[in-house]
Each structure stands twice: as C-alpha cells, then as structure tokens.
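This is entry33.txt. It holds compact mmCIF, C-alpha atoms.
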```txt
# COMPACT_ATOMS: atom_id res chain seq x y z
CA ASP A 1 -119.71 -26.00 52.46
CA VAL A 2 -117.04 -28.65 53.14
CA THR A 3 -118.33 -31.96 51.82
CA ASP A 4 -115.28 -34.14 52.53
CA TYR A 5 -111.74 -34.05 53.83
CA GLY A 6 -109.03 -36.58 54.47
CA LYS A 7 -105.54 -37.78 53.63
CA THR A 8 -104.36 -39.31 50.37
CA ARG A 9 -102.32 -42.51 50.13
CA ASP A 10 -99.13 -40.52 49.57
CA GLY A 11 -99.69 -38.52 52.80
CA ARG A 12 -101.24 -35.31 51.45
CA TYR A 13 -104.30 -33.75 53.08
CA TYR A 14 -107.28 -32.52 51.06
CA ILE A 15 -110.62 -30.71 51.46
CA ALA A 16 -113.56 -31.12 49.06
CA MET A 17 -115.63 -27.90 49.02
CA GLU A 18 -118.70 -26.54 47.25
CA LEU A 19 -117.95 -24.98 43.85
CA LEU A 20 -119.21 -21.36 43.75
CA VAL A 21 -119.65 -19.63 40.39
CA GLY A 22 -120.48 -15.94 40.58
CA THR A 23 -118.93 -12.80 42.05
CA ASP A 24 -118.42 -11.25 45.46
CA LEU A 25 -119.95 -8.03 46.77
CA ALA A 26 -116.57 -6.26 46.64
CA ASP A 27 -116.52 -6.61 42.82
CA VAL A 28 -120.03 -5.14 42.64
CA LEU A 29 -119.03 -2.11 44.73
CA GLN A 30 -115.76 -1.58 42.84
CA ARG A 31 -117.63 -1.52 39.52
CA GLY A 32 -119.76 1.32 40.90
CA GLU A 33 -123.08 -0.49 40.45
CA GLU A 34 -126.03 1.33 42.00
CA VAL A 35 -127.35 -0.42 45.10
CA THR A 36 -130.99 0.43 45.74
CA VAL A 37 -132.64 0.17 49.15
CA ASP A 38 -134.52 -2.97 48.04
CA ARG A 39 -131.35 -4.73 46.87
CA ALA A 40 -129.40 -3.70 49.99
CA VAL A 41 -132.21 -4.98 52.22
CA GLU A 42 -132.32 -8.31 50.32
CA ILE A 43 -128.54 -8.81 50.62
CA GLY A 44 -128.52 -7.64 54.25
CA VAL A 45 -131.35 -9.98 55.29
CA GLN A 46 -129.55 -12.99 53.75
CA ILE A 47 -126.27 -12.01 55.48
CA CYS A 48 -128.08 -11.74 58.83
CA ARG A 49 -129.81 -15.12 58.44
CA ALA A 50 -126.57 -16.88 57.46
CA LEU A 51 -124.66 -15.43 60.41
CA ALA A 52 -127.57 -16.19 62.76
CA ALA A 53 -127.25 -19.86 61.78
CA ALA A 54 -123.49 -19.75 62.47
CA HIS A 55 -124.02 -18.01 65.82
CA ALA A 56 -126.55 -20.68 66.82
CA LEU A 57 -123.72 -23.22 66.44
CA GLY A 58 -121.33 -21.08 68.51
CA VAL A 59 -119.32 -19.73 65.54
CA VAL A 60 -118.50 -16.00 65.30
CA HIS A 61 -117.07 -15.00 61.88
CA ARG A 62 -115.02 -11.91 63.04
CA ASP A 63 -113.89 -11.01 59.49
CA MET A 64 -117.07 -9.97 57.66
CA LYS A 65 -116.40 -7.75 54.62
CA PRO A 66 -117.67 -7.50 51.00
CA GLU A 67 -114.96 -9.91 49.80
CA ASN A 68 -116.53 -12.62 51.98
CA VAL A 69 -120.09 -12.03 50.73
CA PHE A 70 -120.39 -14.19 47.57
CA LEU A 71 -123.34 -13.54 45.23
CA LEU A 72 -124.86 -16.23 43.00
CA ARG A 73 -127.68 -15.90 40.48
CA THR A 74 -130.36 -18.57 40.36
CA SER A 75 -132.06 -19.70 37.17
CA ASP A 76 -134.99 -17.35 37.85
CA GLY A 77 -132.65 -14.35 38.32
CA ARG A 78 -132.80 -14.12 42.10
CA GLU A 79 -129.64 -13.19 44.03
CA ASN A 80 -128.44 -15.66 46.65
CA VAL A 81 -125.78 -14.87 49.28
CA LYS A 82 -123.06 -17.22 50.54
CA ILE A 83 -120.80 -16.28 53.48
CA VAL A 84 -117.23 -17.54 52.95
CA ASP A 85 -113.79 -17.43 54.63
CA PHE A 86 -114.30 -18.47 58.26
CA GLY A 87 -110.49 -18.49 58.55
CA ILE A 88 -110.34 -16.57 61.84
CA ALA A 89 -113.75 -17.60 63.18
CA GLN A 90 -114.13 -17.92 66.95
CA MET A 91 -115.69 -21.04 68.43
CA LYS A 92 -117.87 -20.60 71.55
CA ASP A 93 -119.81 -23.07 73.66
CA ALA A 94 -123.40 -22.70 74.87
CA ALA A 95 -122.25 -20.45 77.75
CA GLY A 96 -120.47 -18.08 75.36
CA GLU A 97 -116.94 -19.13 76.36
CA ASN A 98 -114.18 -19.88 73.85
CA THR A 99 -113.94 -23.62 73.32
CA ARG A 100 -110.37 -23.31 71.99
CA LYS A 101 -107.98 -20.83 73.58
CA LEU A 102 -106.51 -19.67 70.25
CA THR A 103 -107.24 -15.98 70.83
CA ARG A 104 -106.35 -14.07 73.99
CA THR A 105 -107.48 -10.62 75.11
CA GLY A 106 -105.07 -8.09 73.61
CA MET A 107 -104.66 -9.94 70.30
CA ILE A 108 -106.26 -8.35 67.22
CA PHE A 109 -107.51 -10.25 64.16
CA GLY A 110 -109.61 -9.05 61.25
CA THR A 111 -109.73 -6.40 58.53
CA PRO A 112 -109.35 -2.89 60.06
CA GLU A 113 -112.02 -1.19 57.93
CA TYR A 114 -114.74 -3.57 59.26
CA MET A 115 -113.59 -4.16 62.88
CA SER A 116 -115.79 -3.22 65.84
CA PRO A 117 -114.44 -0.90 68.56
CA GLU A 118 -114.10 -3.72 71.09
CA GLN A 119 -112.36 -5.90 68.49
CA ALA A 120 -109.99 -3.02 67.60
CA SER A 121 -109.03 -2.51 71.26
CA GLY A 122 -108.37 -6.22 71.84
CA LYS A 123 -111.24 -6.68 74.31
CA GLN A 124 -113.46 -9.73 74.75
CA THR A 125 -115.76 -10.14 71.72
CA ASP A 126 -119.01 -11.94 70.94
CA ASN A 127 -121.47 -12.24 68.04
CA ARG A 128 -122.09 -8.46 68.08
CA VAL A 129 -118.80 -7.89 66.22
CA ASP A 130 -120.53 -9.46 63.20
CA VAL A 131 -123.48 -7.06 63.71
CA TYR A 132 -121.07 -4.09 63.53
CA ALA A 133 -119.24 -5.43 60.44
CA THR A 134 -122.55 -6.01 58.63
CA GLY A 135 -123.50 -2.42 59.43
CA VAL A 136 -120.23 -1.24 57.83
CA ILE A 137 -121.03 -3.31 54.70
CA LEU A 138 -124.50 -1.73 54.42
CA TYR A 139 -122.96 1.74 54.95
CA GLU A 140 -120.51 1.06 52.09
CA MET A 141 -123.35 0.00 49.75
CA PHE A 142 -124.90 3.51 49.98
CA ALA A 143 -121.85 5.73 50.61
CA GLY A 144 -119.57 4.08 48.05
CA ARG A 145 -116.78 3.68 50.64
CA VAL A 146 -116.24 2.49 54.20
CA PRO A 147 -116.95 4.99 57.02
CA PHE A 148 -113.35 5.12 58.28
CA GLN A 149 -110.21 5.30 56.15
CA GLY A 150 -106.57 5.88 57.08
CA ASP A 151 -102.96 5.47 55.99
CA THR A 152 -102.06 3.16 58.88
CA PHE A 153 -103.51 0.13 60.62
CA MET A 154 -103.83 1.97 63.95
CA GLY A 155 -105.21 5.11 62.29
CA VAL A 156 -108.28 3.19 61.10
CA LEU A 157 -108.75 1.34 64.41
CA THR A 158 -108.59 4.60 66.40
CA GLN A 159 -111.45 6.06 64.31
CA HIS A 160 -113.57 2.94 64.92
CA MET A 161 -113.07 3.38 68.67
CA PHE A 162 -113.59 7.14 69.03
CA GLU A 163 -114.96 8.86 65.88
CA PRO A 164 -118.65 8.90 64.78
CA PRO A 165 -119.29 7.64 61.22
CA PRO A 166 -119.58 10.51 58.69
CA SER A 167 -122.92 11.33 57.11
CA ILE A 168 -123.73 9.10 54.12
CA VAL A 169 -125.40 12.07 52.39
CA GLU A 170 -122.25 14.18 52.74
CA VAL A 171 -120.01 11.35 51.49
CA ASN A 172 -122.31 10.49 48.55
CA PRO A 173 -124.85 13.23 47.74
CA ALA A 174 -126.39 10.97 45.06
CA THR A 175 -127.28 8.23 47.55
CA THR A 176 -130.76 6.68 47.50
CA ILE A 177 -130.80 5.75 51.19
CA SER A 178 -134.03 6.29 53.12
CA ALA A 179 -134.41 7.55 56.68
CA PRO A 180 -135.59 4.14 58.06
CA MET A 181 -132.61 2.40 56.42
CA ALA A 182 -130.21 5.00 57.84
CA ALA A 183 -131.63 4.38 61.34
CA VAL A 184 -131.00 0.62 61.01
CA ILE A 185 -127.38 1.18 59.92
CA GLN A 186 -126.85 3.77 62.69
CA LYS A 187 -127.94 1.28 65.38
CA ALA A 188 -125.68 -1.45 63.96
CA LEU A 189 -122.68 0.95 64.08
CA SER A 190 -123.11 1.89 67.77
CA LYS A 191 -119.77 2.07 69.60
CA ASP A 192 -121.27 0.37 72.68
CA PRO A 193 -122.14 -3.29 71.90
CA ASN A 194 -125.11 -3.04 74.29
CA GLN A 195 -126.68 -0.36 72.05
CA ARG A 196 -126.45 -2.51 68.88
CA TYR A 197 -128.80 -5.29 67.86
CA ALA A 198 -128.41 -8.12 70.34
CA SER A 199 -128.57 -10.74 67.57
CA MET A 200 -128.56 -11.07 63.81
CA THR A 201 -132.23 -12.10 64.04
CA GLU A 202 -133.19 -8.71 65.52
CA PHE A 203 -131.10 -7.05 62.79
CA SER A 204 -132.91 -9.05 60.09
CA ASP A 205 -136.35 -8.27 61.56
CA ASP A 206 -135.71 -4.51 61.39
CA LEU A 207 -134.50 -4.82 57.77
CA MET A 208 -137.73 -6.69 56.94
CA ARG A 209 -139.74 -3.80 58.43
CA VAL A 210 -137.93 -1.42 56.06
CA ARG A 211 -138.82 -3.72 53.13
CA GLN A 212 -142.50 -3.77 54.15
CA GLY A 213 -142.65 0.04 54.44
CA LEU A 214 -142.96 -0.06 58.23
CA MET A 215 -140.96 2.01 60.69
CA PRO A 216 -138.05 -0.05 62.14
CA LEU A 217 -137.56 -0.25 65.90
CA ALA A 218 -134.19 1.50 65.50
CA ALA A 219 -135.96 4.68 64.31
CA GLY A 220 -137.29 5.28 67.82
CA GLU A 221 -134.05 4.39 69.61
CA VAL A 222 -131.26 6.29 67.81
CA ALA A 223 -130.76 9.60 66.02
CA THR A 224 -129.79 9.50 62.33
CA PRO A 225 -126.70 11.72 61.85
CA LEU A 226 -125.99 9.53 58.80
CA LEU A 227 -128.57 11.72 56.99
CA ARG A 228 -126.94 15.00 58.10
CA GLY A 229 -126.88 17.43 55.16
CA ALA A 230 -129.96 15.96 53.43
CA THR A 231 -132.62 18.34 52.08
CA PRO A 232 -135.68 18.03 54.37
CA ALA A 233 -138.84 16.72 52.76
CA PRO A 234 -141.68 19.28 52.43
CA ALA A 235 -144.19 19.16 55.27
CA ALA A 236 -147.41 17.32 54.54
CA VAL A 237 -150.40 19.58 53.93
CA ARG A 238 -153.77 18.44 55.18
CA THR A 239 -156.29 18.73 52.35
CA GLU A 240 -159.38 17.32 54.06
CA GLY A 241 -162.36 19.63 53.51
CA VAL A 242 -160.47 21.99 51.15
CA VAL A 243 -161.96 22.51 47.68
CA PRO A 244 -159.37 23.24 44.95
CA VAL A 245 -159.72 26.54 43.13
CA GLY A 246 -161.42 26.26 39.72
CA THR A 247 -163.30 23.07 40.50
CA ARG A 248 -166.99 22.69 39.98
CA GLU A 249 -167.53 21.78 43.62
CA MET A 250 -167.12 25.43 44.61
CA SER A 251 -170.65 26.18 43.37
CA ALA A 252 -172.02 23.78 45.95
CA VAL A 253 -170.70 25.89 48.86
CA PRO A 254 -173.49 28.33 50.01
CA ARG A 255 -172.47 31.98 50.02
CA ARG A 256 -173.85 34.37 52.68
CA SER A 257 -175.82 37.43 51.37
CA SER A 258 -174.08 40.84 51.79
CA ALA A 259 -177.35 42.92 51.86
CA PRO A 260 -177.62 43.09 55.70
CA LEU A 261 -174.03 44.33 55.99
CA VAL A 262 -174.61 47.11 53.42
CA ALA A 263 -177.79 48.34 55.18
CA ALA A 264 -176.05 48.49 58.57
CA ALA A 265 -173.19 50.51 57.12
CA LEU A 266 -175.57 53.10 55.59
CA LEU A 267 -177.44 53.54 58.89
CA PHE A 268 -174.16 54.11 60.73
CA VAL A 269 -173.05 56.84 58.26
CA VAL A 270 -176.43 58.65 58.38
CA GLY A 271 -176.44 58.64 62.19
CA ALA A 272 -172.90 60.05 62.37
CA VAL A 273 -173.74 62.93 60.00
CA ALA A 274 -176.86 63.84 62.02
CA LEU A 275 -174.91 63.93 65.28
CA VAL A 276 -172.27 66.29 63.89
CA TYR A 277 -174.94 68.67 62.47
CA ALA A 278 -176.78 68.82 65.81
CA LEU A 279 -173.62 69.74 67.73
CA GLN A 280 -172.72 72.53 65.33
CA THR A 281 -176.21 74.22 65.38
CA ALA A 282 -176.84 74.09 69.19
CA PRO A 283 -177.30 77.61 71.05
CA ALA A 284 -174.29 78.98 72.96
CA SER A 285 -176.41 79.70 76.15
CA HIS A 286 -176.93 76.09 76.84
CA PRO A 287 -174.96 74.85 79.84
CA PRO A 288 -172.10 72.52 79.10
CA LEU A 289 -173.04 68.94 79.02
CA VAL A 290 -169.87 67.98 80.97
CA PRO A 291 -169.38 69.55 84.45
CA THR A 292 -166.13 71.41 85.19
CA PRO A 293 -163.96 69.23 87.40
CA THR A 294 -162.82 70.63 90.81
CA PRO A 295 -159.04 70.88 91.05
CA VAL A 296 -157.48 68.48 93.56
CA ARG A 297 -154.37 69.44 95.47
CA ALA A 298 -151.56 66.99 95.14
CA PRO A 299 -150.62 65.29 98.41
CA VAL A 300 -147.39 66.34 100.10
CA VAL A 301 -144.95 63.48 100.27
CA VAL A 302 -142.39 63.60 103.05
CA THR A 303 -139.29 61.62 102.23
CA THR A 304 -137.01 60.28 104.95
CA PRO A 305 -133.36 60.08 103.98
CA THR A 306 -132.09 56.54 103.74
CA PRO A 307 -129.19 55.95 106.11
CA THR A 308 -125.93 55.00 104.39
CA PRO A 309 -124.86 51.51 105.52
CA THR A 310 -121.53 51.28 107.24
CA PRO A 311 -119.22 48.95 105.26
CA ALA A 312 -118.15 45.87 107.10
CA PRO A 313 -114.47 45.67 107.96
CA THR A 314 -112.40 43.71 105.45
CA PRO A 315 -111.02 40.56 107.13
CA ALA A 316 -107.31 40.19 107.16
CA PRO A 317 -105.99 37.65 104.67
CA VAL A 318 -105.29 34.22 106.12
CA PRO A 319 -101.82 32.98 105.22
CA VAL A 320 -101.89 29.79 103.16
CA PRO A 321 -99.28 27.26 104.23
CA ALA A 322 -96.91 26.20 101.51
CA VAL A 323 -97.57 22.71 100.13
CA HIS A 324 -94.62 20.65 99.09
CA VAL A 325 -95.37 18.63 95.95
CA PRO A 326 -92.90 15.78 95.58
CA PRO A 327 -91.57 15.18 92.06
CA PRO A 328 -93.30 12.36 90.13
CA ALA A 329 -91.84 8.96 90.70
CA VAL A 330 -89.85 7.58 87.78
CA PRO A 331 -91.20 4.12 86.86
CA ALA A 332 -88.82 1.23 87.19
CA ARG A 333 -87.29 -0.22 84.03
CA VAL A 334 -87.66 -3.86 83.07
CA SER A 335 -86.14 -5.90 80.26
CA LEU A 336 -88.70 -7.03 77.64
CA GLU A 337 -87.94 -9.58 74.92
CA VAL A 338 -90.03 -9.43 71.73
CA VAL A 339 -90.21 -12.38 69.34
CA THR A 340 -92.37 -12.95 66.27
CA SER A 341 -93.57 -15.96 64.40
CA PRO A 342 -91.86 -16.01 61.97
CA ALA A 343 -88.77 -14.07 63.13
CA GLY A 344 -87.06 -11.20 61.30
CA ALA A 345 -89.94 -8.73 61.61
CA ARG A 346 -89.51 -4.99 62.09
CA VAL A 347 -90.95 -4.12 65.52
CA GLN A 348 -92.11 -0.73 66.83
CA ILE A 349 -92.64 -0.37 70.61
CA GLU A 350 -94.55 2.72 71.78
CA ALA A 351 -96.73 3.85 74.64
CA ALA A 352 -100.39 2.95 74.14
CA SER A 353 -101.28 6.58 74.95
CA GLY A 354 -99.15 7.79 72.00
CA SER A 355 -96.77 9.81 74.19
CA GLY A 356 -93.00 9.57 73.88
CA ALA A 357 -90.82 8.43 71.01
CA PRO A 358 -91.23 4.83 69.74
CA VAL A 359 -88.42 2.27 69.89
CA GLU A 360 -87.71 0.07 66.84
CA CYS A 361 -85.83 -3.22 66.56
CA THR A 362 -85.75 -6.46 64.54
CA THR A 363 -86.95 -9.71 66.13
CA PRO A 364 -85.83 -11.40 68.19
CA CYS A 365 -84.78 -8.36 70.24
CA ARG A 366 -84.73 -7.13 73.84
CA GLU A 367 -85.42 -3.57 75.02
CA GLU A 368 -85.50 -1.76 78.37
CA VAL A 369 -89.05 -0.40 78.95
CA ALA A 370 -90.94 1.26 81.82
CA SER A 371 -92.67 -1.15 84.19
CA GLY A 372 -96.46 -0.83 84.51
CA VAL A 373 -96.86 1.47 81.46
CA PRO A 374 -99.26 0.05 78.76
CA LEU A 375 -97.39 -0.51 75.48
CA ARG A 376 -98.48 -1.13 71.88
CA ILE A 377 -96.12 -3.49 70.02
CA THR A 378 -96.55 -3.53 66.20
CA ALA A 379 -94.62 -6.03 64.04
CA THR A 380 -94.32 -5.97 60.23
CA ARG A 381 -92.64 -8.35 57.86
CA GLY A 382 -93.44 -7.81 54.20
CA GLN A 383 -97.25 -8.02 53.81
CA ARG A 384 -97.63 -9.75 57.19
CA ARG A 385 -98.26 -7.80 60.35
CA GLY A 386 -99.59 -8.11 63.86
CA MET A 387 -100.09 -6.09 67.04
CA VAL A 388 -100.21 -6.77 70.80
CA LEU A 389 -101.24 -4.50 73.71
CA VAL A 390 -99.30 -5.36 76.89
CA THR A 391 -98.48 -3.83 80.29
CA PRO A 392 -94.96 -5.14 81.14
CA THR A 393 -93.88 -6.02 84.66
CA ALA A 394 -90.81 -7.64 86.13
CA SER A 395 -92.42 -11.05 85.53
CA THR A 396 -93.42 -10.47 81.88
CA GLY A 397 -90.22 -11.77 80.31
CA SER A 398 -91.03 -12.46 76.65
CA ILE A 399 -93.84 -11.27 74.33
CA THR A 400 -94.75 -13.16 71.13
CA VAL A 401 -96.45 -11.30 68.26
CA ALA A 402 -98.29 -13.48 65.72
CA LEU A 403 -98.07 -12.19 62.13
CA GLU A 404 -101.12 -12.41 59.90
CA GLY A 405 -100.89 -12.13 56.10
CA GLY A 406 -102.59 -9.18 54.29
CA ARG A 407 -105.57 -8.77 56.65
CA GLY A 408 -105.42 -4.99 56.38
CA GLN A 409 -105.92 -4.85 52.61
CA ARG A 410 -108.42 -6.33 50.23
CA PRO A 411 -106.97 -9.35 48.55
CA PRO A 412 -107.14 -9.52 44.75
CA THR A 413 -110.30 -11.29 43.68
CA ALA A 414 -110.59 -14.04 41.14
CA PRO A 415 -112.29 -13.29 37.82
CA SER A 416 -116.07 -13.76 37.72
CA GLY A 417 -116.87 -17.41 37.29
CA ALA A 418 -113.59 -18.69 38.76
CA PRO A 419 -114.12 -21.32 41.51
CA ARG A 420 -112.91 -20.57 44.99
CA GLY A 421 -109.75 -22.45 45.95
CA ALA A 422 -108.40 -22.47 42.35
CA PRO A 423 -104.91 -21.15 41.39
CA GLY A 424 -106.50 -17.71 40.75
CA ASP A 425 -107.57 -17.46 44.41
CA SER A 426 -105.23 -15.32 46.50
CA HIS A 427 -105.97 -17.46 49.60
CA ALA A 428 -104.69 -20.68 47.96
CA ALA A 429 -101.10 -21.99 47.92
CA PRO A 430 -99.34 -24.92 46.16
CA CYS A 431 -100.00 -28.25 47.83
CA GLY A 432 -97.18 -29.64 49.89
CA PRO A 433 -96.06 -30.40 53.46
CA SER A 434 -96.56 -26.73 54.41
CA THR A 435 -100.31 -26.95 53.82
CA ILE A 436 -100.75 -27.93 57.49
CA SER A 437 -100.45 -24.99 59.89
CA ALA A 438 -98.74 -25.19 63.25
CA ASP A 439 -102.03 -25.58 65.12
CA GLY A 440 -103.15 -28.49 62.97
CA LEU A 441 -105.57 -26.60 60.69
CA LEU A 442 -105.81 -27.36 56.98
CA VAL A 443 -104.73 -24.68 54.51
CA PRO A 444 -106.46 -24.62 51.03
CA CYS A 445 -104.04 -25.51 48.22
CA PHE A 446 -103.97 -26.25 44.48
CA ARG A 447 -101.87 -28.40 42.21
CA GLN A 448 -99.39 -26.85 39.78
CA PRO A 449 -99.74 -27.60 36.05
CA ASN A 450 -96.59 -29.80 36.28
CA GLY A 451 -98.43 -31.99 38.83
CA SER A 452 -96.48 -30.86 41.90
```
Show me the file's structure as structure tokens.
Amino acid sequence: DVTDYGKTRDGRYYIAMELLVGTDLADVLQRGEEVTVDRAVEIGVQICRALAAAHALGVVHRDMKPENVFLLRTSDGRENVKIVDFGIAQMKDAAGENTRKLTRTGMIFGTPEYMSPEQASGKQTDNRVDVYATGVILYEMFAGRVPFQGDTFMGVLTQHMFEPPPSIVEVNPATTISAPMAAVIQKALSKDPNQRYASMTEFSDDLMRVRQGLMPLAAGEVATPLLRGATPAPAAVRTEGVVPVGTREMSAVPRRSSAPLVAAALLFVVGAVALVYALQTAPASHPPLVPTPTPVRAPVVVTTPTPTPTPAPTPAPVPVPAVHVPPPAVPARVSLEVVTSPAGARVQIEAASGSGAPVECTTPCREEVASGVPLRITATRGQRRGMVLVTPTASTGSITVALEGGRGQRPPTAPSGAPRGAPGDSHAAPCGPSTISADGLLVPCFRQPNGS
C-alpha cells in the first residue's frame, strides 16, 4: 500500500509505503518446504481475492510469480498474502480498453516462466493472464518447479504457446496433490483464454469447493493429464448386506436343509440301475422298440455352368496437359532501422517462423530485410533485454525495442524480515535525479549511508 508520495523541499521525489516483514513464496519453494493441499488452497484463495479486487479497479498485474506473493504471519499464526510489484500493471477502463497507451500489440512484458500464451505471442491481453500465472504458481507448489523451462527467453515462450504442461506426478512422484486440485490447475493453464476461469472469483470459488471436500466445476469440464502416471486408487467395494467371515452374525442367517436333495439323488440312482437291468434281461424275440427307417434317395441336383463374364475393354489413357508452375516470387527488400532504448544493444533479426539464418547488429543499425515477412527482433544489453514482433513494409522505417531489466530471471530476494524498498531490495536504486523514469513514473530508491 502507498500511503503518501510527494516532493521534498530540495526537489527529490518520495513514496511512503507499507512496511512488510516476512518472506515471499519463492523463498518457501526454494527451501523445499512441503506444500499441502490445504496450504496451497489457502494461499491460492487469497491470491485470487487480491487480484479480483485489482481487476475490479481495472488493474491487471501481468507479472504474477512467487517473488511477488509476500507471506506474513499474524499473531495467531495464520498466513496472510500480500501481492506486490505492480511495476508493469496494465490499466483498463470499464469497457476493458487500455486507459494509457503504454503497451502495444507485439510488445512483450513479464517473466517468461509465468506468461500466458497470448501474452507470450504479443496479443491483446486481459485479466485472464493473471488466471494463467496463478495456475503456474499452484503447479509449482506441488511439482517443485515451473511447468516449462528452457535455456532461452523464446524457448520458454514457445512451450507456453504450443506444449501441454507435463504431469505433476511424473515431475514429482512424492507430490500430495489430489485429483480435484489437479483439475482446478489444469483449467487455469488452458492455452485458450476462453477455456480458463473467466474471473479470479470463479477461480477462488472452485478452490473453496476443493477445501470443503466438494467436486470443483473444473472436474467436469477438463481432463486431468497432470495426474498422468499416478497409481489408480482401488475400486470401492459395496459391503451392504455382506456379513464378514468369522462374525457372530453368521449364525443368524437361516441355512436350508440338505435332506430333500439327498433323497432325490438316491431315487435317481436306484431308477437308473433298474432300467439297465431290465434292458439286459429282456428276451431276444421281442420286436425292436425303434422301427427301422426307410432309406431315402438323395435328390439329383442339376448344376448349370455359370457363364464367364466378358471383361470390359480398358479405356485408353487420357493425356494430361502439362501445367506450367511459375517460380515463387522473390519478396521485395526494404531497409529497416532498429534502435533501442538505451542504445548499444546486441540485436538479432530472424524470421518469426524460425527459417533462414538470423542477422545480428548493434543498435542503432539498419538492415535490408524482406518486405511482408513477419520478423522477430530480440535485443540484449547486459541483463536487459526486449523483443518485438513486426511485419516490415516500405512504410515501416524505424523500429524501437524497449529494454527491460532482468524480467527473465528471479531477482535476488532480501533476507527474511528485511523491509521492501530497503538497500537489500534488488528493485531499489540510490536516490537521485534518475529516480524519475522517462514516462513520469516514480522509481523506488534508498539513501546511501553517506547521506547521498
């Protein structure tokens, strides 16, 4: 929470923020602490409710990850969740449109391991990118790692767009995840935004059903490949009306008498013996009991030979006219200038489809590229990097790539108990004239021990 902000008498800007003492979820996961279903549901419900409040005000976080989920302990031992770092949040009005045109389609912001497919491809985004990122956080709680990993920025984004998340059971055989919880996470990680939860409130409601032992709505809507490889639970056996062996209740069941069955069997044996004796002692002059059958001549069957069909004449082949296929047209070349802010970045220009050899240069630079062919332009300078998807034409002229600092890696976290915004915070910088960004936003800062 920001409680105050302003400008000092000597011209320096300041922000007064809430002091948070605790740890973030990333520290908990890195220490290898076991996350039970109950604890994951409690943390997930609080994340959903906090983001639902932000969405109601038209704010989409767009950079949800364990480092931005801060955990505090109350005096009675309960765990409270605070969502921090709205540094790249997107402001929307009541109609869902951006109120400030700071982000254009084709520009990518966020941490790759937690970015939704539409966010990774630079498409238009809404509050459902936070639904996807929260699903990744819940996946990491049970699997011990994020669903998609890679050596490069684009390698991770490509998996988010096209690869299904691996089974949590296969990644972490010791996981305690339940089938209802896996169904909730599976729905949140849907590639199509329309198949995810439409709001954080719906997400929270399904998590509450898991807590109450009820079946979540997601269980009837999606399959659960996240449980692939799990040992199936034994089928339930109906025991109604069955009396266990060795119990006293067995004496209460009436048993049918076997005397009638024994008497019937003896009568059958005596009758069979009498019949055999009578047949063996009968006189030979007696006529046979069974008359001799009269032989019947077999009917004569006259077969008519089947005429052999005359094969139809084979039609002569029809000549196929030759088709002239013109060679593919070579796209026109246009001159494209690439600049970065700041300059001096190493730029790689390659086809968005991945075909062909990339072109590298240092900004500002100008290269000849094919007109109308979608390109991916990646810029790197130290720990700062950025990427733009563009289809150049003769009127494109110049492309500017904005560099963001360290969004692809987890920043070092402050020791437990250290307040956010202090010198130990990797997001803070020394106070000075540079603490105001080019777009007029305030940058957190701290004072050096020498007072500067």
Exercise. So what do you get for CA of Val210 in chain A versus CA of Ile43 in chain A, distance-wise?
Worked result: 13.1 Å
Problem set entry | Using all atoms listed in the file: which of A:Gly405, A:Gly144, A:Gly6, A:Gly135 has the shortest distance to Pro173 in chain A |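 Looking at the shortest contact to Pro173 in chain A, the residue is A:Gly144.
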Exercise. Skipping near chain neighbours, those fewer than 2 positions away, what residues fall within 12 Å of Ala379 in chain A using all atoms listed in the file, listed as a PyMOL selection string?
Worked result: chain A and resi 153+338-350+359-365+376-377+381-389+399-405
Exercise. Which residue, A:Leu375, A:Ala120, A:Val45, A:Ile168, has the smallest gap to Ser353 in chain A when you use all atoms listed in the file?
Worked result: A:Leu375
Exercise. So what do you get for CA of Ala219 in chain A versus CA of Gly32 in chain A, distance-wise?
Worked result: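 Going from CA of Ala219 in chain A over to CA of Gly32 in chain A, I get 28.7 Å.
With CA of Asp24 in chain A on one side and CA of Leu72 in chain A on the other, the separation reads 8.5 Å.
Candidate residues A:Asp76, A:Asp63, A:Glu367, A:Glu163 were compared for distance to Ala133 in chain A, and the nearest is A:Asp63, using all atoms listed in the file.
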For this session: Extract, using all atoms listed in the file, all DNA, RNA and protein residues at most 9 Å from Ala370 in chain A, discarding same-chain residues fewer than 6 positions from it, and format them as a PyMOL selection string.
Result: chain A and resi 330-335+392-393
